[in-house]
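A.B. asks: So that you have it, the file is work16.cif, and it contains mmCIF, C-alpha atoms and all ligand atoms:
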data_target
loop_
_atom_site.label_atom_id
_atom_site.label_comp_id
_atom_site.auth_asym_id
_atom_site.auth_seq_id
_atom_site.Cartn_x
_atom_site.Cartn_y
_atom_site.Cartn_z
CA MET R 1 -9.61 -22.70 9.75
CA LYS R 2 -5.92 -22.27 8.95
CA VAL R 3 -4.71 -19.11 7.23
CA LEU R 4 -1.35 -18.38 5.62
CA ILE R 5 -0.27 -14.75 5.08
CA VAL R 6 2.51 -14.05 2.57
CA GLY R 7 4.70 -11.06 3.38
CA SER R 8 6.79 -9.57 6.18
CA GLY R 9 5.95 -5.91 6.78
CA GLY R 10 3.70 -3.69 8.85
CA ARG R 11 0.93 -4.29 6.33
CA GLU R 12 1.10 -8.04 6.88
CA HIS R 13 1.13 -7.48 10.66
CA ALA R 14 -2.04 -5.40 10.33
CA ILE R 15 -3.62 -8.12 8.15
CA ALA R 16 -2.59 -10.76 10.71
CA ALA R 17 -4.14 -8.71 13.53
CA SER R 18 -7.44 -8.56 11.60
CA VAL R 19 -7.33 -12.26 10.79
CA ALA R 20 -6.61 -13.05 14.46
CA LYS R 21 -9.87 -11.32 15.43
CA SER R 22 -11.91 -13.73 13.31
CA PRO R 23 -13.61 -16.42 15.41
CA ARG R 24 -13.39 -18.64 12.33
CA VAL R 25 -9.59 -18.82 12.45
CA ASP R 26 -7.69 -21.15 14.80
CA LYS R 27 -4.21 -21.07 13.26
CA ILE R 28 -2.25 -18.38 11.39
CA TYR R 29 1.01 -18.92 9.53
CA CYS R 30 3.07 -16.16 7.99
CA ALA R 31 5.81 -16.52 5.38
CA PRO R 32 8.28 -15.14 6.18
CA GLY R 33 6.74 -12.75 8.77
CA ASN R 34 8.64 -10.75 11.38
CA ALA R 35 9.08 -10.59 15.16
CA GLY R 36 5.76 -8.80 15.70
CA ILE R 37 3.73 -11.09 13.47
CA ALA R 38 5.29 -13.98 15.43
CA GLN R 39 3.13 -12.97 18.43
CA LEU R 40 0.00 -13.84 16.42
CA ALA R 41 1.20 -16.36 13.88
CA GLU R 42 3.70 -19.12 13.37
CA CYS R 43 6.33 -17.58 11.10
CA VAL R 44 7.90 -19.90 8.58
CA PRO R 45 11.20 -19.10 6.86
CA ILE R 46 9.90 -19.17 3.28
CA GLY R 47 10.37 -16.12 1.07
CA ALA R 48 7.41 -14.51 -0.67
CA MET R 49 8.87 -15.38 -4.09
CA GLU R 50 9.50 -19.06 -3.31
CA PHE R 51 6.30 -20.20 -4.99
CA ASP R 52 7.01 -23.95 -4.95
CA ARG R 53 7.89 -23.97 -1.28
CA LEU R 54 4.79 -21.92 -0.43
CA VAL R 55 2.57 -24.39 -2.30
CA THR R 56 4.21 -27.37 -0.59
CA PHE R 57 3.83 -25.74 2.81
CA ALA R 58 0.16 -24.84 2.22
CA LYS R 59 -0.58 -28.42 1.16
CA GLU R 60 1.35 -30.05 4.00
CA GLN R 61 -0.33 -27.92 6.65
CA ALA R 62 -3.74 -28.13 4.95
CA VAL R 63 -4.02 -24.34 4.86
CA ASP R 64 -7.60 -23.29 4.08
CA LEU R 65 -6.89 -19.76 2.84
CA THR R 66 -3.74 -17.92 1.74
CA ILE R 67 -3.66 -14.12 1.73
CA VAL R 68 -0.98 -12.49 -0.42
CA GLY R 69 -0.04 -9.09 1.03
CA MET R 70 2.85 -8.03 -1.19
CA ASP R 71 3.04 -6.76 -4.76
CA ASP R 72 5.99 -8.82 -6.05
CA PRO R 73 4.42 -12.27 -5.64
CA LEU R 74 1.08 -10.97 -6.97
CA VAL R 75 2.64 -9.48 -10.08
CA GLY R 76 4.75 -12.63 -10.42
CA GLY R 77 1.67 -14.88 -10.47
CA LEU R 78 1.60 -16.56 -7.05
CA VAL R 79 -2.21 -16.58 -7.06
CA ASP R 80 -2.29 -18.44 -10.39
CA VAL R 81 0.13 -21.05 -9.05
CA PHE R 82 -2.00 -21.61 -5.94
CA GLU R 83 -5.21 -21.85 -7.97
CA THR R 84 -3.66 -24.36 -10.36
CA GLU R 85 -2.79 -26.47 -7.34
CA GLY R 86 -6.38 -26.29 -6.11
CA LEU R 87 -5.50 -24.04 -3.16
CA ARG R 88 -7.80 -21.23 -1.98
CA VAL R 89 -6.09 -17.86 -2.21
CA PHE R 90 -6.96 -14.16 -1.86
CA GLY R 91 -5.41 -11.74 -4.34
CA PRO R 92 -5.51 -10.90 -8.05
CA ARG R 93 -4.19 -13.27 -10.69
CA LYS R 94 -1.15 -12.23 -12.67
CA ASN R 95 -3.20 -10.94 -15.58
CA ALA R 96 -5.05 -8.61 -13.18
CA ALA R 97 -2.13 -7.64 -10.91
CA ILE R 98 -0.68 -5.99 -14.02
CA LEU R 99 -2.87 -3.07 -12.94
CA GLU R 100 -0.02 -2.35 -10.53
CA GLY R 101 2.75 -4.22 -12.34
CA SER R 102 2.73 -2.05 -15.46
CA LYS R 103 2.07 1.66 -15.33
CA ALA R 104 1.91 1.73 -19.15
CA PHE R 105 -0.87 -0.87 -19.00
CA SER R 106 -2.84 1.02 -16.37
CA LYS R 107 -2.52 4.33 -18.23
CA ASP R 108 -3.75 2.74 -21.48
CA LEU R 109 -6.63 1.14 -19.60
CA MET R 110 -7.68 4.49 -18.13
CA LYS R 111 -7.46 6.19 -21.50
CA LYS R 112 -9.47 3.48 -23.27
CA TYR R 113 -12.23 3.54 -20.63
CA ASN R 114 -12.25 7.30 -19.97
CA ILE R 115 -11.12 7.04 -16.35
CA PRO R 116 -9.79 10.44 -15.23
CA THR R 117 -5.99 10.52 -15.00
CA ALA R 118 -3.06 12.72 -16.09
CA ALA R 119 -2.38 13.04 -19.84
CA TYR R 120 0.59 10.83 -20.84
CA GLU R 121 2.61 8.99 -23.48
CA ASN R 122 4.26 5.56 -23.17
CA PHE R 123 7.77 4.93 -24.51
CA ASP R 124 9.89 1.85 -25.02
CA ASP R 125 12.65 3.73 -26.78
CA ALA R 126 14.85 6.30 -25.02
CA ASP R 127 15.46 8.39 -28.20
CA LYS R 128 11.75 8.81 -28.77
CA ALA R 129 11.25 9.78 -25.13
CA LEU R 130 14.04 12.37 -25.40
CA ALA R 131 12.57 13.80 -28.60
CA TYR R 132 9.12 14.05 -26.99
CA LEU R 133 10.56 16.03 -24.07
CA GLU R 134 11.84 18.76 -26.43
CA THR R 135 8.26 19.95 -26.98
CA ALA R 136 6.90 19.19 -23.49
CA SER R 137 6.02 21.68 -20.75
CA PHE R 138 7.49 21.45 -17.26
CA PRO R 139 7.37 20.22 -14.55
CA ILE R 140 6.77 16.79 -16.03
CA VAL R 141 6.61 13.32 -14.46
CA LEU R 142 8.64 10.27 -15.55
CA LYS R 143 7.63 6.80 -14.38
CA ALA R 144 9.41 3.49 -14.83
CA ASP R 145 6.83 1.03 -16.13
CA GLY R 146 7.27 -1.79 -13.61
CA LEU R 147 7.56 -2.25 -9.84
CA ALA R 148 10.31 -0.13 -8.31
CA LEU R 149 9.62 -0.15 -4.55
CA GLY R 150 7.73 3.12 -4.95
CA LYS R 151 10.89 4.82 -6.20
CA GLY R 152 10.41 4.71 -9.98
CA VAL R 153 8.74 8.13 -10.23
CA LEU R 154 10.76 11.25 -11.06
CA ILE R 155 9.27 14.74 -11.01
CA CYS R 156 11.40 16.91 -13.31
CA ASN R 157 11.31 20.69 -13.31
CA THR R 158 13.43 21.34 -16.39
CA LEU R 159 14.22 19.77 -19.77
CA GLU R 160 17.70 19.00 -18.54
CA GLU R 161 16.43 17.15 -15.44
CA ALA R 162 13.95 15.23 -17.54
CA LYS R 163 16.61 14.16 -20.04
CA ASN R 164 18.73 12.92 -17.16
CA GLY R 165 15.68 11.13 -15.83
CA VAL R 166 15.14 9.25 -19.09
CA LYS R 167 18.79 8.23 -18.95
CA THR R 168 18.45 7.07 -15.32
CA ILE R 169 15.35 4.98 -16.04
CA MET R 170 15.87 3.64 -19.57
CA LEU R 171 19.62 3.60 -20.18
CA ASP R 172 21.29 3.29 -16.76
CA LYS R 173 18.43 1.01 -15.67
CA GLN R 174 18.51 2.30 -12.12
CA PHE R 175 15.19 0.53 -11.51
CA GLY R 176 16.26 -2.58 -13.40
CA GLU R 177 13.97 -4.18 -15.96
CA SER R 178 11.17 -1.92 -14.70
CA GLY R 179 12.76 0.77 -16.85
CA ASN R 180 12.45 -1.06 -20.18
CA ARG R 181 9.36 1.04 -20.77
CA MET R 182 8.34 4.31 -19.24
CA VAL R 183 5.41 6.66 -18.94
CA ILE R 184 5.85 10.40 -19.32
CA GLU R 185 2.90 12.26 -17.88
CA GLU R 186 1.48 15.65 -17.07
CA PHE R 187 2.31 17.07 -13.63
CA MET R 188 -0.76 17.50 -11.47
CA THR R 189 -1.26 19.45 -8.27
CA GLY R 190 -3.53 18.77 -5.35
CA ARG R 191 -3.94 16.74 -2.22
CA GLU R 192 -3.37 12.98 -2.37
CA VAL R 193 -5.78 10.43 -0.94
CA SER R 194 -5.59 6.64 -0.84
CA VAL R 195 -8.79 4.65 -1.18
CA LEU R 196 -8.52 0.89 -0.74
CA SER R 197 -11.26 -1.43 -1.90
CA TYR R 198 -12.34 -5.06 -1.94
CA VAL R 199 -13.20 -6.38 -5.40
CA ASP R 200 -14.72 -9.74 -6.44
CA GLY R 201 -14.32 -9.42 -10.21
CA LYS R 202 -17.51 -7.42 -10.70
CA THR R 203 -18.54 -5.77 -7.41
CA ILE R 204 -16.38 -3.22 -5.59
CA LYS R 205 -16.71 -2.05 -1.97
CA THR R 206 -14.47 0.81 -0.96
CA MET R 207 -12.95 1.13 2.48
CA THR R 208 -12.57 4.29 4.53
CA SER R 209 -10.08 6.78 3.04
CA ALA R 210 -6.51 7.35 4.21
CA GLN R 211 -3.55 9.57 3.49
CA ASP R 212 0.09 8.60 3.39
CA HIS R 213 3.12 10.82 4.11
CA LYS R 214 5.80 9.62 1.71
CA ARG R 215 8.65 12.05 2.35
CA ALA R 216 11.22 11.40 5.04
CA GLN R 217 11.07 14.74 6.83
CA ASP R 218 8.52 17.09 8.36
CA GLY R 219 6.77 19.42 5.96
CA ASP R 220 7.09 16.86 3.14
CA GLN R 221 10.80 17.56 2.79
CA GLY R 222 13.54 15.03 2.12
CA LEU R 223 13.60 11.82 0.14
CA ASN R 224 10.70 9.61 -0.81
CA THR R 225 10.25 6.63 1.49
CA GLY R 226 7.95 3.63 1.71
CA GLY R 227 5.72 5.84 3.90
CA MET R 228 6.39 7.64 7.20
CA GLY R 229 2.86 7.61 8.54
CA THR R 230 -0.81 7.66 7.66
CA PHE R 231 -4.12 8.93 8.93
CA SER R 232 -7.67 7.81 8.28
CA PRO R 233 -10.15 9.07 7.27
CA SER R 234 -8.92 11.95 5.13
CA PRO R 235 -10.98 15.06 5.91
CA PHE R 236 -10.44 16.10 2.29
CA TYR R 237 -12.22 13.02 0.98
CA THR R 238 -15.63 14.66 1.04
CA LYS R 239 -18.99 13.28 0.00
CA GLU R 240 -18.62 15.23 -3.24
CA VAL R 241 -15.25 13.63 -3.99
CA ASP R 242 -16.62 10.21 -3.11
CA ASP R 243 -19.62 10.70 -5.42
CA PHE R 244 -17.32 11.68 -8.29
CA CYS R 245 -15.02 8.69 -7.77
CA ARG R 246 -17.96 6.29 -7.56
CA LYS R 247 -19.33 7.66 -10.80
CA TYR R 248 -16.16 7.83 -12.87
CA ILE R 249 -13.38 5.79 -11.26
CA TYR R 250 -14.13 2.82 -8.97
CA GLN R 251 -16.72 0.71 -10.80
CA ALA R 252 -15.33 1.91 -14.12
CA THR R 253 -11.96 0.37 -13.27
CA VAL R 254 -13.47 -2.95 -12.21
CA ASP R 255 -15.66 -3.06 -15.33
CA ALA R 256 -12.70 -2.16 -17.55
CA MET R 257 -10.61 -5.02 -16.16
CA ALA R 258 -13.50 -7.46 -16.65
CA ALA R 259 -14.04 -6.21 -20.22
CA GLU R 260 -10.35 -6.79 -20.94
CA GLY R 261 -10.69 -10.42 -19.84
CA ARG R 262 -8.73 -9.67 -16.67
CA PRO R 263 -11.32 -9.86 -13.88
CA PHE R 264 -9.81 -8.42 -10.72
CA GLN R 265 -10.35 -10.22 -7.41
CA GLY R 266 -8.57 -8.83 -4.37
CA ILE R 267 -7.65 -5.35 -3.22
CA ILE R 268 -7.52 -2.37 -5.56
CA PHE R 269 -5.74 0.60 -4.01
CA PHE R 270 -6.64 3.84 -5.76
CA GLY R 271 -3.96 6.50 -5.39
CA LEU R 272 -5.94 9.67 -6.11
CA MET R 273 -5.01 13.29 -6.52
CA LEU R 274 -7.71 15.85 -5.79
CA THR R 275 -6.80 18.36 -8.49
CA PRO R 276 -8.51 21.72 -9.08
CA ASN R 277 -10.28 19.97 -11.99
CA GLY R 278 -11.53 17.10 -9.86
CA PRO R 279 -10.15 13.76 -8.67
CA ARG R 280 -7.64 11.96 -10.94
CA VAL R 281 -6.02 8.53 -10.62
CA LEU R 282 -2.30 8.81 -9.84
CA GLU R 283 -1.71 5.10 -9.67
CA TYR R 284 -3.28 1.75 -8.92
CA ASN R 285 -1.89 -0.86 -6.56
CA ALA R 286 -3.10 -4.44 -6.43
CA ARG R 287 -2.80 -4.86 -2.63
CA PHE R 288 -3.27 -3.08 0.67
CA GLY R 289 -1.16 0.05 1.10
CA ASP R 290 1.62 0.10 3.63
CA PRO R 291 1.17 1.98 6.00
CA GLU R 292 -2.44 2.64 4.89
CA ALA R 293 -3.45 -0.85 6.06
CA GLN R 294 -2.29 0.06 9.58
CA VAL R 295 -4.96 2.79 9.92
CA VAL R 296 -7.71 1.28 7.76
CA LEU R 297 -7.88 -2.33 8.98
CA PRO R 298 -8.10 -1.55 12.73
CA ARG R 299 -11.22 0.51 11.94
CA MET R 300 -12.96 -2.23 9.92
CA LYS R 301 -15.92 -3.80 11.72
CA ASN R 302 -16.40 -6.85 9.47
CA ASP R 303 -14.72 -10.22 9.87
CA ILE R 304 -11.94 -9.95 7.28
CA ILE R 305 -12.20 -13.64 6.42
CA ASP R 306 -15.88 -13.24 5.50
CA VAL R 307 -15.03 -10.32 3.22
CA MET R 308 -12.08 -12.02 1.54
CA GLU R 309 -14.02 -15.23 0.96
CA ALA R 310 -16.86 -13.21 -0.56
CA CYS R 311 -14.33 -11.70 -2.98
CA ILE R 312 -13.02 -15.12 -3.95
CA ASP R 313 -16.53 -16.52 -4.43
CA GLY R 314 -17.99 -13.51 -6.28
CA ARG R 315 -20.47 -12.71 -3.48
CA LEU R 316 -19.16 -9.33 -2.37
CA ASP R 317 -22.56 -7.76 -3.10
CA GLU R 318 -23.84 -9.64 -0.02
CA ILE R 319 -21.35 -7.96 2.33
CA ASP R 320 -22.27 -4.83 4.24
CA LEU R 321 -18.78 -3.35 4.64
CA GLN R 322 -18.60 -1.18 7.75
CA PHE R 323 -16.02 1.01 9.43
CA GLU R 324 -15.97 2.56 12.87
CA ASP R 325 -17.02 6.17 13.04
CA ASN R 326 -13.69 7.33 14.48
CA ALA R 327 -10.16 8.06 13.27
CA ALA R 328 -6.72 6.47 13.39
CA VAL R 329 -3.17 7.76 13.00
CA CYS R 330 -0.06 5.66 12.35
CA VAL R 331 3.40 7.13 13.03
CA ILE R 332 6.31 5.16 11.61
CA LEU R 333 9.30 4.80 13.92
CA ALA R 334 12.31 4.53 11.63
CA SER R 335 16.03 4.18 12.13
CA ASN R 336 17.74 7.54 11.71
CA GLY R 337 19.26 7.74 8.22
CA TYR R 338 16.40 5.89 6.49
CA PRO R 339 15.87 5.68 3.50
CA VAL R 340 19.61 5.91 2.74
CA LYS R 341 21.86 4.37 5.37
CA TYR R 342 20.98 3.21 8.86
CA GLU R 343 22.07 0.79 11.54
CA LYS R 344 20.37 -2.50 12.26
CA GLY R 345 20.37 -4.69 15.37
CA LEU R 346 19.47 -1.93 17.89
CA VAL R 347 17.55 -3.20 20.92
CA ILE R 348 13.89 -2.12 21.10
CA LYS R 349 12.14 -1.63 24.47
CA GLY R 350 8.74 -0.60 25.76
CA LEU R 351 6.39 -2.55 23.52
CA GLU R 352 4.67 -4.29 26.45
CA ARG R 353 2.76 -1.06 27.04
CA PHE R 354 0.69 -1.82 23.93
CA ASP R 355 -0.45 -5.20 25.24
CA GLY R 356 -4.19 -5.30 25.34
CA LYS R 357 -4.49 -1.52 25.47
CA ASP R 358 -7.65 -0.69 23.64
CA GLY R 359 -7.21 1.27 20.43
CA TYR R 360 -3.38 1.15 20.46
CA TYR R 361 -1.31 -1.00 18.11
CA CYS R 362 2.35 -1.45 17.41
CA PHE R 363 2.75 -3.03 13.98
CA HIS R 364 6.21 -4.36 13.20
CA ALA R 365 7.93 -3.60 9.91
CA GLY R 366 11.68 -4.26 10.24
CA THR R 367 12.24 -6.19 13.49
CA LYS R 368 13.69 -9.52 14.53
CA ARG R 369 14.93 -11.40 17.59
CA ASN R 370 18.70 -11.49 18.06
CA GLU R 371 20.64 -14.49 19.35
CA ASN R 372 19.82 -13.44 22.95
CA GLY R 373 16.11 -13.36 22.17
CA GLU R 374 15.99 -9.57 22.36
CA LEU R 375 13.82 -7.61 19.96
CA VAL R 376 16.06 -5.57 17.63
CA THR R 377 15.70 -3.32 14.61
CA ASN R 378 16.10 -5.07 11.27
CA GLY R 379 15.22 -2.43 8.67
CA GLY R 380 14.80 1.27 7.97
CA ARG R 381 11.15 1.38 8.90
CA VAL R 382 10.99 -0.40 12.24
CA LEU R 383 7.53 -0.03 13.80
CA GLY R 384 4.19 1.56 13.00
CA VAL R 385 2.58 3.01 16.12
CA THR R 386 -1.15 3.32 15.51
CA ALA R 387 -3.78 4.78 17.79
CA LYS R 388 -7.46 5.41 17.38
CA GLY R 389 -9.37 8.39 18.67
CA ALA R 390 -12.89 9.78 18.45
CA THR R 391 -11.52 12.45 16.11
CA LEU R 392 -8.42 12.79 13.98
CA ARG R 393 -7.01 15.25 16.47
CA GLU R 394 -7.49 12.82 19.35
CA ALA R 395 -6.07 9.90 17.34
CA ARG R 396 -3.05 12.02 16.52
CA GLU R 397 -2.47 12.94 20.19
CA ASN R 398 -2.85 9.30 21.22
CA ALA R 399 -0.48 8.03 18.53
CA TYR R 400 2.25 10.55 19.37
CA ALA R 401 1.87 9.82 23.10
CA ALA R 402 2.35 6.12 22.34
CA THR R 403 5.49 6.75 20.28
CA GLU R 404 7.07 7.86 23.59
CA TRP R 405 6.56 4.41 25.10
CA VAL R 406 9.01 2.88 22.64
CA THR R 407 12.77 3.29 22.86
CA PHE R 408 15.65 2.28 20.61
CA ASP R 409 18.84 4.07 19.64
CA ASN R 410 18.56 6.36 16.61
CA LYS R 411 14.74 6.32 16.77
CA TYR R 412 13.44 8.74 14.13
CA MET R 413 9.93 9.86 13.23
CA ARG R 414 8.09 12.68 11.56
CA HIS R 415 6.19 14.97 13.90
CA ASP R 416 3.51 16.17 11.50
CA ILE R 417 1.61 13.01 10.61
CA GLY R 418 -2.06 13.92 10.45
CA SER R 419 -1.36 17.61 10.96
CA ALA R 420 -3.72 18.29 8.05
CA ILE R 421 -6.27 18.55 10.80
CA ASN R 422 -4.85 21.99 11.60
CA GLU R 423 -5.77 23.17 8.11
CA ILE R 424 -9.46 22.48 8.47
CA GLU R 425 -10.30 23.16 12.15
P1 LIG R 501 3.00 6.78 -7.97
O1 LIG R 501 3.95 5.67 -7.59
O2 LIG R 501 2.58 6.76 -9.40
O3 LIG R 501 1.90 6.99 -6.98
O4 LIG R 501 3.88 8.11 -7.77
C1 LIG R 501 4.52 8.38 -6.54
C2 LIG R 501 4.26 9.80 -6.14
O5 LIG R 501 4.72 10.70 -7.16
C3 LIG R 501 2.79 10.12 -5.98
O6 LIG R 501 2.31 9.75 -4.72
C4 LIG R 501 2.80 11.61 -6.20
O7 LIG R 501 3.21 12.29 -5.04
C5 LIG R 501 3.85 11.80 -7.26
N1 LIG R 501 3.24 11.81 -8.60
C6 LIG R 501 3.01 10.75 -9.40
N2 LIG R 501 2.42 11.13 -10.56
C7 LIG R 501 2.27 12.46 -10.48
C8 LIG R 501 1.72 13.45 -11.37
N3 LIG R 501 1.24 13.12 -12.55
N4 LIG R 501 1.74 14.73 -10.95
C9 LIG R 501 2.25 15.07 -9.76
N5 LIG R 501 2.78 14.20 -8.88
C10 LIG R 501 2.80 12.90 -9.24
N1 LIG R 502 1.68 3.69 0.91
C1 LIG R 502 1.80 3.51 -0.48
C2 LIG R 502 1.91 2.12 -0.91
O1 LIG R 502 1.68 1.17 -0.19
O2 LIG R 502 2.24 1.91 -2.08
#
Rewrite the structure of this file - the entire thing - as structure tokens.
Ligand code: AMP
Ligand code: GLY
C.D. replies:
Amino acid sequence: MKVLIVGSGGREHAIAASVAKSPRVDKIYCAPGNAGIAQLAECVPIGAMEFDRLVTFAKEQAVDLTIVGMDDPLVGGLVDVFETEGLRVFGPRKNAAILEGSKAFSKDLMKKYNIPTAAYENFDDADKALAYLETASFPIVLKADGLALGKGVLICNTLEEAKNGVKTIMLDKQFGESGNRMVIEEFMTGREVSVLSYVDGKTIKTMTSAQDHKRAQDGDQGLNTGGMGTFSPSPFYTKEVDDFCRKYIYQATVDAMAAEGRPFQGIIFFGLMLTPNGPRVLEYNARFGDPEAQVVLPRMKNDIIDVMEACIDGRLDEIDLQFEDNAAVCVILASNGYPVKYEKGLVIKGLERFDGKDGYYCFHAGTKRNENGELVTNGGRVLGVTAKGATLREARENAYAATEWVTFDNKYMRHDIGSAINEIE
């Protein structure tokens, strides 16, 4: 069969690598893709938001299944457009992708269905938000309602900071239209865990857990980024935590969406915080995490096409979802200066050492070929170096060893991805 993947990051490279393993697939396209994905797929220069062109392409090439990796086209309704055209597509419809697309929606959903999350209020008026802050306790968390590239969350320690935050989000519109509404919520403490899941509208099957490192520098210092590395599984995601989430969060979310007339088919990503009072939902995403996908998908034993088709057809209960009993660590190689200012076009060398080496992957995020055909950097996050190991410690050693194989000017990485292992051993 022919598969089209929509997106261009490390997540889409990891999805493409899983799809390429399926014996059922003989051709992969990716729109728009990147230089790494181009080793597995034919990349076509169509943007993820060019819905009409994507439909035309899928029809012309007789694509059998389209997988939407990114949040923007999902929230914008690409799945609905494909379905209307009679095309088979994996991902939530617009009315379900709102689970990620509107934080105010997801908070109201959790409140209505008693799903554990931080206490909050929604605001669509800056004056009311400012008045509310006068009686609030600090720190407090401000969130722009809509998509904001993971940047629309402000943690404010004082009233003054919070007032400035309301101004930034609602009046200065630093996150654009996403700031027309905002959520103000209670600050929680604890360790964060990401749990991704396949959902077919009624059944949910969770994948192995992972943890992201969002800050730019070691020790969780510096600015928030799209993610500087991940490890899987999280040793803090214990059986007890899993039992709690199964009882109060996972199925409850799927049932709530169905009850609202918004059945969710696709990936639900649960961003959880393990607070002293038990697990709480920090956020939902309607897609694979990036770079969570880079440590979760390589450990999945199932044929990803079988699982995705079961989601589309409402047969997920028939799938025995299985993960390898090992660990994986992904270290992001970035361009020094990310997430603020960095150079592009720097020549990358050493990737041939990954070829066919069991348990080692180099997923491309921001790369391209220059006019001489050389592989060069084309973004802040450049590559995701992933390695497996029997244990988290071994995976971590393998991943960091593999980061040494790769060279480019201004190469930057964190050195403490997966170091949580030191806290428990
Ligand atoms: P979100 O996009 O909602 O996941 O928020 C981004 C990050 O902000 C999370 O990964 C947390 O580190 C932090 N965060 C969000 N909400 C809260 C909260 N209520 N309390 C503490 N930290 C939070
Ligand atoms: N790694 C967090 C995200 O994909 O949103």
A.B. asks: Which distance in Å separates atom CA of R:Gly7 and atom CA of R:Asp64, to one decimal?
C.D. replies: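 Answer for the atom CA of R:Gly7 to atom CA of R:Asp64 separation: 17.4 Å.
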A.B. asks: Please write out the residues within 12 Å of ligand LIG 502 (chain R) as number ranges by chain, counting all atoms listed in the file.
C.D. replies: R: 9-12, 69-71, 100-101, 147-152, 192-196, 210-215, 224-231, 267-272, 282-296, 330, 332
A.B. asks: Please determine the residues with any atom at most 7 Å from (-15.7, -10.8, -7.5) (coordinates as given in the file, with all atoms listed in the file counting) and report them as a PyMOL selection string.
C.D. replies: chain R and resi 199-203+265+311-316
A.B. asks: Considering all atoms listed in the file, state which residue in the set R:Ile421, R:Val63, R:Met188, R:Ile28 is at the smallest distance from ligand LIG 501 (chain R).
C.D. replies: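 Smallest distance to ligand LIG 501 (chain R) is found for R:Met188.
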A.B. asks: From the options R:Thr66, R:Thr275, R:Thr238, R:Ser137, which residue's atoms come nearest to ligand LIG 501 (chain R), counting all atoms listed in the file?
C.D. replies: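 Using all atoms listed in the file, the shortest distance to ligand LIG 501 (chain R) belongs to R:Thr275.
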A.B. asks: Leaving out R:Ala119 and any residue of its chain fewer than 3 positions from it, which residues lie within 9 Å of it when counting only C-alpha atoms, given as a list of chain:residue names?
C.D. replies: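 The residues that qualify are R:Lys107, R:Lys111, R:Ile184, R:Glu185, R:Glu186, R:Phe187.
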A.B. asks: When you draw a straight line from atom CA of R:Val44 to atom CA of R:Met308, how long is it in Å?
C.D. replies: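 These two atoms are separated by 22.6 Å.
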A.B. asks: Might you pull out every residue within 12 Å of R:Arg369, with all atoms listed in the file counted and same-chain residues fewer than 2 positions away left off, and present them as JSON, numbers by chain?
C.D. replies: {"R": [34, 35, 36, 37, 38, 39, 344, 345, 346, 347, 348, 366, 367, 371, 372, 373, 374, 375, 376, 377, 378]}
A.B. asks: Need the axis-aligned box for ligand LIG 501 (chain R) with 8 Å each side, so what are the centre and edges in Å to one decimal, as lines of an AutoDock Vina configuration file?
C.D. replies:
center_x = 3.0
center_y = 10.4
center_z = -8.6
size_x = 19.5
size_y = 25.4
size_z = 23.8
A.B. asks: Pick out the closest residue to R:Leu142 from this set: R:Gln221, R:Ser419, R:Asn164, R:Thr386. Count all atoms listed in the file.
C.D. replies: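 Nearest candidate to R:Leu142 out of R:Gln221, R:Ser419, R:Asn164, R:Thr386: R:Asn164.
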A.B. asks: Set the distance at 12 Å and use only C-alpha atoms: which residues neighbour R:Asn114 once local chain neighbours fewer than 5 positions away are removed? I'd like the list as a VMD selection string.
C.D. replies: chain R and resid 106 to 109 119 247 to 249 252 to 253 255 to 256 280 to 281
A.B. asks: So what do you get for atom CA of R:Val241 versus atom CA of R:Met207, distance-wise?
C.D. replies: 14.3 Å
A.B. asks: So, counting only C-alpha atoms, which residue among R:Val153, R:Ala58, R:Val385, R:Ile424 is closest to R:Ile140?
C.D. replies: R:Val153
A.B. asks: Determine the nearest neighbour of ligand LIG 501 (chain R) from the options R:Asp416, R:Asp26, R:Glu60, R:Asp145, counting all atoms listed in the file.
C.D. replies: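 Going through R:Asp416, R:Asp26, R:Glu60, R:Asp145 one by one, the smallest distance to ligand LIG 501 (chain R) is for R:Asp145.
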A.B. asks: Reconstruct N, CA and C atoms of stretch 413-419 of chain R from the incomplete input and present them as a compact mmCIF listing (two decimals), in the frame of the given file.
C.D. replies:
# COMPACT_ATOMS: atom_id res chain seq x y z
N MET R 413 11.31 9.82 13.75
CA MET R 413 9.93 9.86 13.23
C MET R 413 9.62 11.26 12.72
N ARG R 414 8.61 11.36 11.90
CA ARG R 414 8.09 12.68 11.56
C ARG R 414 7.15 13.14 12.67
N HIS R 415 7.05 14.46 12.83
CA HIS R 415 6.19 14.97 13.90
C HIS R 415 4.91 15.60 13.38
N ASP R 416 4.68 15.48 12.07
CA ASP R 416 3.51 16.17 11.50
C ASP R 416 2.56 15.22 10.79
N ILE R 417 2.58 13.95 11.22
CA ILE R 417 1.61 13.01 10.61
C ILE R 417 0.20 13.41 11.06
N GLY R 418 -0.67 13.55 10.11
CA GLY R 418 -2.06 13.92 10.45
C GLY R 418 -2.24 15.38 10.80
N SER R 419 -1.22 16.20 10.58
CA SER R 419 -1.36 17.61 10.96
C SER R 419 -2.28 18.37 10.01
